[in-house]
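Colleague: Before I ask anything, let me first share the structure, which is written out below as structure tokens.
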Amino acid sequence: MTQKEQSRLRVFLDSDLVHSFLRSPLAIIAAVTTLACFAVAALAPLIAPHCIEPVCVDLMNGLNPPAWTPNGAPDFPLGTDEQGRDILSAIFYASRISLIVGFAAVGFGMVLGVALGIIAGYFGGWVDTLIMRLADMQLTFPSILIALLIAGVVRSVITDLADRGILVGVTFEDVAIFVLIIAIGLSDWPRFARVARGATMVELNKGYVAAAKVLGLPSRRIMIGHVLPNLMGPILVIATIGLALAIISEATLSFLGVGVPPTNPSLGTLIRIGNEYLFSGEWWITLFPALGLVILVLSVNIIGDWLRDALNPKLRR
Amino acid sequence: MFAYLVKRIFQSVIVMLAVSLLSFLLFAFVGDPISNLVGQDTSIAEREVIRENLGLNDPFYIQFLSLIGNAIQGDFGQSWFWKKPVHELIAGRLPVTLELVFVSAIIAMGLGVLLGVLTAIHRYHWSARLLLTVSLIGVSLPTFLIGIGLIYLFSVILGWLPSFGRGETVDLGFWQTSLLSADGWAHIIMPAFTLSLFQMTLVLRLTRTEMLETLQTDFIKFARARGLGKGTVYYRHALRNTLVPVITIAGLNIGLLVAFSIITETVFQYPGVGLMFLKAVSLVDIPVMSAYLMLVALIFVSINFIVDVLYFVVDPRLRTQTT
């Protein structure tokens with residue numbers, strides 16, 4: 001580490017953000033839980049006790065209750081589903097899918113929204129009117145509804161094209177994850193666009209932008225190199241809260257049957273599968289994936305709330 | 001005022017046109033309407049006749065215009081799966097969703113305002129703080145999990161309430177209602193409560209904030225100084241002054257209830273339009289899907305338009321700003 005990097009690290013460790021983080025036990029717990037979820041998702045193939053691919057599950061192990069109950073098998077700590085898949089391993093792999101879709105959807109919505117927001121704020125005029133009217137119109141619909149309608153429509157279009165033999169070798173199952181990412185991302189861009197536009201218009205009145213313009217820098221460079229870095233704070237806040245929302249949206253869509261297919265399930269798909277067994281008394285197939293989802297969403301939400309308060313100078317005392 | 005209204009109408013029309021264009025594209029490019037309408041043994045010549053009669057050989061813009069014309073008259077064609085006119089299907093299902101939304105709006109308003117007032121009056125009591133914390137956690141959970149939890153508790157473990165369907169209905173001639181039988185109420189109470197939770201939390205927090213603010217004002221202090229009873233001060237004077245913003249927000253959020261009813265209907269297998277749409281998606285029943293898209297767009301556009309006009313009527317400041 002060079003001298004410069006060391007001093008940068010010290011500046012970071014001494015910043016308000018880190019101080020406020022260390023003084024908030026709830027944020028620390030949430031951060032630890034979130035990181036644990038990320039680690040579990042990333043290391044799923046290494047730490048999952050069982051393989052959950054169709055080739056290696058044994059139907060004879062189907063519907064085992066959790067290990068600590070009277071009929072439980074010690075091999076399967078949280079029990080198994082109807083196909084004999086180990087629930088714990090399934091949750092590990094499923095949280096992977098949930099997080100991939102969540103991150104990618106937020107990333108897509110963020111890039112789209114921030115780009116359009118900066119362009120609207122920077123150029124103003126009819127460009128601004130057009131983009132923001134579009135955002136306003138979309139915001140009159142709840143984002144989950146937009147995502148649901150997009151995913152639903154695309155799903156039946158692909159099913160139909162495959163049925164008629166126009167799309168060969170592609171089924172909805174193969175592309176479900178990408179469809180979800182695009183649907184959820186598209187449903188979420190207006191929030192980013194609004195914040196980015198507002199913040200851009202504030203930055204435009206500052207001296208450094210005027211200086212950059214006088215220097216004759218092209219608009220693209222001013223927007224990306226000068227305005228964008230100054231928007232990072234507020235964007236980070238909505239992205240974090242957006243991650244929780246995206247994970248919820250993905251789980252909801254998968255639960256409704258227009259999301260991730262059971263062959264490569266997400267947490268929402270696992271809950272959908274388990275829901276069918278709730279009445280016959282197999283509660284563990286639903287409960288544990290649901291708990292996983294709740295823990296993940298709550299921790300990300302708490303971090304988002306903390307970040308919003310910590311980065312908001314009005315709330316600083 | 002006039003210019004503002006024209007602008008809003010223009011925006012609403014654009015949204016509706018965009019949605020109808022999407023519906024039209026679905027119609028034009030997805031699925032084959034002919035093979036979904038006739039049997040296997042229909043000859044190619046006969047199919048051509050039907051195609052011509054349905055106007056499927058017309059240029060696209062004529063087809064689009066006739067789709068809009070038909071939609072305005074409530075004609076969305078024939079469902080491919082149910083083999084019935086789509087408007088009949090929707091007419092049968094829409095009351096179910098509307099009743100669900102209506103009951104949950106009542107629950108959200110009633111319980112939300114009541115709990116909001118109570119948490120404002122007893123703001124330092126431990127139960128008020130607990131309620132606020134629980135409500136925050138509740139909001140950040142997915143709706144369908146809450147529904148599953150309620151089903152597990154009340155239907156599986158306790159066996160008190162039915163977990164799916166609509167129950168007994170009473171035919172009023174133009175409207176099949178489930179709100180006139182005890183069985184119908186037993187079926188609607190869990191889905192309606194699940195659907196109302198999010199809205200209730202919003203109403204609760206808003207009522208609480210507004211109430212706390214109102215309790216600080218001079219006229220409340222004066223009412224107290226006059227020696228009026230607590231009940232009169234709280235409910236007759238303070239509550240009345242907090243209700244306007246609460247009702248506005250709740251009205252604006254009716255659309256959210258309509259949207260989230262899709263999820264609630266799925267969890268409780270409640271046979272409304274949302275459940276029908278999801279079924280249509282899995283069966284690729286394009287006429288039903290596109291009719292649903294237009295219906296939802298119409299509901300949202302209408303709600304937003306009404307709320308905008310109401311704002312305008314209620315708040316005189318807007319009149320000078322926008323014109």
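Chain labels follow the order of the structure tokens: the first chain is A, the next B, and so on; residue numbering restarts at 1 in every chain, and ligands are counted from 1 in their shown order.
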So which bits of region 54-253 of chain A end up alpha helix (DSSP H) when you DSSP the backbone, as an MDAnalysis selection string?

Modeller: chainID A and resid 87:123 125:139 143:163 172:204 207:214 219:221 228:253

Colleague: Give me, as CSV, each residue of chain B that comes within 9 Å of chain A, together with its shortest interatomic pair and the distance in Å at one decimal, counting only C-alpha atoms, with rows ordered by chain and rising residue number.

Modeller:
```
residue,atom,partner,partner_atom,distance
B:Gln11,CA,A:Met137,CA,7.7
B:Ser12,CA,A:Met137,CA,8.5
B:Val15,CA,A:Met137,CA,7.2
B:Leu26,CA,A:Val157,CA,7.9
B:Phe29,CA,A:Val157,CA,8.6
B:Val30,CA,A:Val157,CA,6.0
B:Gly31,CA,A:Asp160,CA,5.9
B:Ile137,CA,A:Leu298,CA,7.6
B:Ser140,CA,A:Leu298,CA,6.8
B:Leu141,CA,A:Val294,CA,6.6
B:Pro142,CA,A:Ile248,CA,6.0
B:Thr143,CA,A:Thr252,CA,8.2
B:Phe144,CA,A:Thr252,CA,7.1
B:Leu145,CA,A:Ala290,CA,7.1
B:Ile148,CA,A:Asn275,CA,7.6
B:Tyr152,CA,A:Leu278,CA,7.2
B:Ser155,CA,A:Phe279,CA,8.6
B:Val156,CA,A:Phe279,CA,6.2
B:Gly255,CA,A:Phe141,CA,7.9
B:Leu256,CA,A:Pro142,CA,6.5
B:Ala259,CA,A:Leu145,CA,5.9
B:Phe260,CA,A:Leu145,CA,7.8
B:Ile262,CA,A:Leu256,CA,8.7
B:Ile263,CA,A:Leu256,CA,7.0
B:Thr266,CA,A:Leu256,CA,6.8
B:Val267,CA,A:Leu256,CA,8.4
B:Phe277,CA,A:Gly152,CA,8.9
B:Leu278,CA,A:Gly152,CA,7.6
B:Ala280,CA,A:Ser156,CA,8.8
B:Val281,CA,A:Ser156,CA,5.7
B:Ser282,CA,A:Ser156,CA,6.7
B:Leu283,CA,A:Ser156,CA,7.6
B:Val284,CA,A:Ser156,CA,5.1
B:Asp285,CA,A:Ser156,CA,8.3
B:Ile286,CA,A:Ser156,CA,8.3
B:Met289,CA,A:Val153,CA,8.0
B:Leu293,CA,A:Leu149,CA,7.8
B:Ala297,CA,A:Phe141,CA,8.4
B:Phe300,CA,A:Phe141,CA,6.9
B:Val301,CA,A:Thr140,CA,8.0
B:Asn304,CA,A:Thr140,CA,7.2
```

Colleague: What gap, in Å, lies between CA of Pro262 (chain A) and CA of Ala104 (chain A)?

Modeller: 20.1 Å

Colleague: Which polymer residues have any atom within 7 Å of an atom of Ser98 (chain A), counting only C-alpha atoms, with same-chain residues fewer than 3 positions away left out, as a ChimeraX atom specification?

Modeller: /A:94-95,101-102,247,250,266-267

Colleague: In Å to one decimal, how far is CA of Pro245 (chain B) from CA of Ile303 (chain B)?

Modeller: 16.4 Å

Colleague: Neighbours of Leu118 (chain B) within 12 Å (only C-alpha atoms; same-chain residues fewer than 3 positions away dropped), as an NGL selection string?

Modeller: :B and (111-115 or 121-125 or 127-129 or 131-132 or 204-205 or 207-209 or 211-212 or 231 or 234-235 or 239)
